[in-house]
Amino acid sequence: MGRNDARTRVLVAVLRLSITGGFFLFWEIGARTGFLDVFFFSSPTEIGQDLYHLFSTGKIFSHFFMTMQEVGIGLLLGTLTGIVVGVILGKYELLARAMDPVIMGLYAIPKIAIAPLFILWFGLGIIGKIVFVWVVVFFLVFFNTYAGMRSVDSEMVDAARAMGASAWQILVKVSIPSCLPWIMVGLRASLGASLIAAIVGEFVAADVGMGHLIMEGLTLFMTQRVLAVVLLLSLVVICMDICLRQVEKRFLRWKPDVQR
Amino acid sequence: MIRAQRVGKTYLSKDGGSVETLRDVTLDVRDGEFVAVVGPSGCGKTTLLKILTGLIAPDTGQVLVSGDEPRNLQGRIGYMAQADSLLPWRTVTGNVELGLELQGVPAGRRRAVAMELVARMGLEGFERSYPFELSGGMKKRVAIMRTLAYSPDIIFMDEPFGALDVQTRDMLEDDILNIWDETGKTIVFVTHDLSEAITLADRVLLMSSRPSAIIGDYPIDLPRPRSTDIRLDHAFNDILREIWDDLSREVRQARGGPHGPQ
């Protein structure tokens, strides 16, 4: 460490750049030499051109914002309800045991398998996708919050009680803050999952959205369109992840393993 | 004034059996007295302390603290557990202020109390540090400060320095001695370390192995104010030897060793 630290960092940056660059370079060379069939695999330049087209014509925006709305609202609802239900069931053990079969039963359902049902129940519009994202995120956040509530340090609770804390004060000042790292884990898993849910919902039925754009690209045999959308979606996940890291830095400063 | 009369507690174990931890524990602690409770590991010391603080209820017997049931006194007693049990998401001052905050004391006054304690305990410069950034001894000091901040009349301590190295322990024991000299609080200090008990207390109560009861009550006639140097004193060693024989018999019994019941 120490003096080597800066050099290691530069080395890592160079390696990252050359691996990513090399990947696209070989892809492009493969496409141009005919080693890769452009019909199936497209090429970086084709994808770049299509991205330019999508943005310059403005075609992308309505699709992008539709999917982001579904993801954003679904994430918000799923996170809030997941935390609330997780905290309540974590606090009332009897209720948790009573609810266990229902929750495990619902959890055991592969959510993607029932995506078409949500479209059936809530229609072809945005509502069906939001509810689907909500359900997927809810379970991820709920289970983590619940696990966090079950693992609150009883010594801390005893100390607070001896200091005269009421049940409400213990919940707000001890239990919920100590769940925060767990909630963050649930939230991190939810980022990718929420996007998957929105796209799957759009695959089932939609006339607008990134998932719809992928399906459209597929029916038109435009591999570059499909891959351009996929590229944008991964950029979205990366951006969301960076944002979450900032949130973690702010709220989990007290954890030794969270980098400052 | 703390008065426990014939207190008993039995736990159900996971395999359905029951473990009688306390049987007929009777003790009295006067106001302003420093009492240490010593017993072999695994006897009901922690259970007894949790009953005295009202954190758990006894199955039999009665506990009165200042004439009231212990659970009505929460907020007016201090409790320091084995683990430091600081809230890891709060800074040093945030932890110290916790008790006052729970009691609705305004932020300005809380801050003033915390700052004064930080200065008194020599933690200047660490006001905004999180517990993970502190050494074991500093964490203990913060836990002591947190307890002192809301000025409880009675402080219960459950082997607070068990996991620390000898030098740090001596330092913290001196802290406790100073605090007791300055404030005259009632302190009940549970430990398995006899020498620590004699160093600190006016009176040492010896607990038997399970089912535990108080089987010895030894006044410690050592001069005050004391420091941990008292251990070098001849009188200290005489007292230590006297209690040691009784304690080691209990330890053997707790372990079921060659001289214990089979």
# chains A, B, ... in the order shown; residues from 1 in each chain; ligands from 1
>>> residues_around(residues="stretch 37-46 of chain B", least_positions_apart="4", cutoff="8 Å", atoms="only C-alpha atoms", output="ChimeraX atom specification")
/B:21-22,50,158,188-194,197,204-212,247,250-251,254
>>> interface_residues(of="chain B", to="chain A", cutoff="8 Å", atoms="only C-alpha atoms", output="list in words")
Thr53, Gly54, Leu55, Leu73, Gln74, Gly75, Arg76, Ile77, Gly78, Tyr79, Met80, Ala81, Ala83, Ser85, Leu86, Leu87, Pro88, Trp89, Arg90, Gly99, Leu102, Gln103, Tyr130, Pro131, Phe132 and Glu133 of chain B
>>> closest_residue(among="A:Phe64, A:Phe41, A:Phe55, A:Phe142", to="A:Gly211", atoms="only C-alpha atoms")
A:Phe64
>>> residues_around(residues="A:Gly217", least_positions_apart="5", cutoff="6 Å", atoms="only C-alpha atoms", output="number ranges by chain")
A: 222, 225-226
>>> closest_residue(among="A:Val208, A:Val172, A:Leu80, A:Leu89", to="A:Val135", atoms="only C-alpha atoms")
A:Leu80
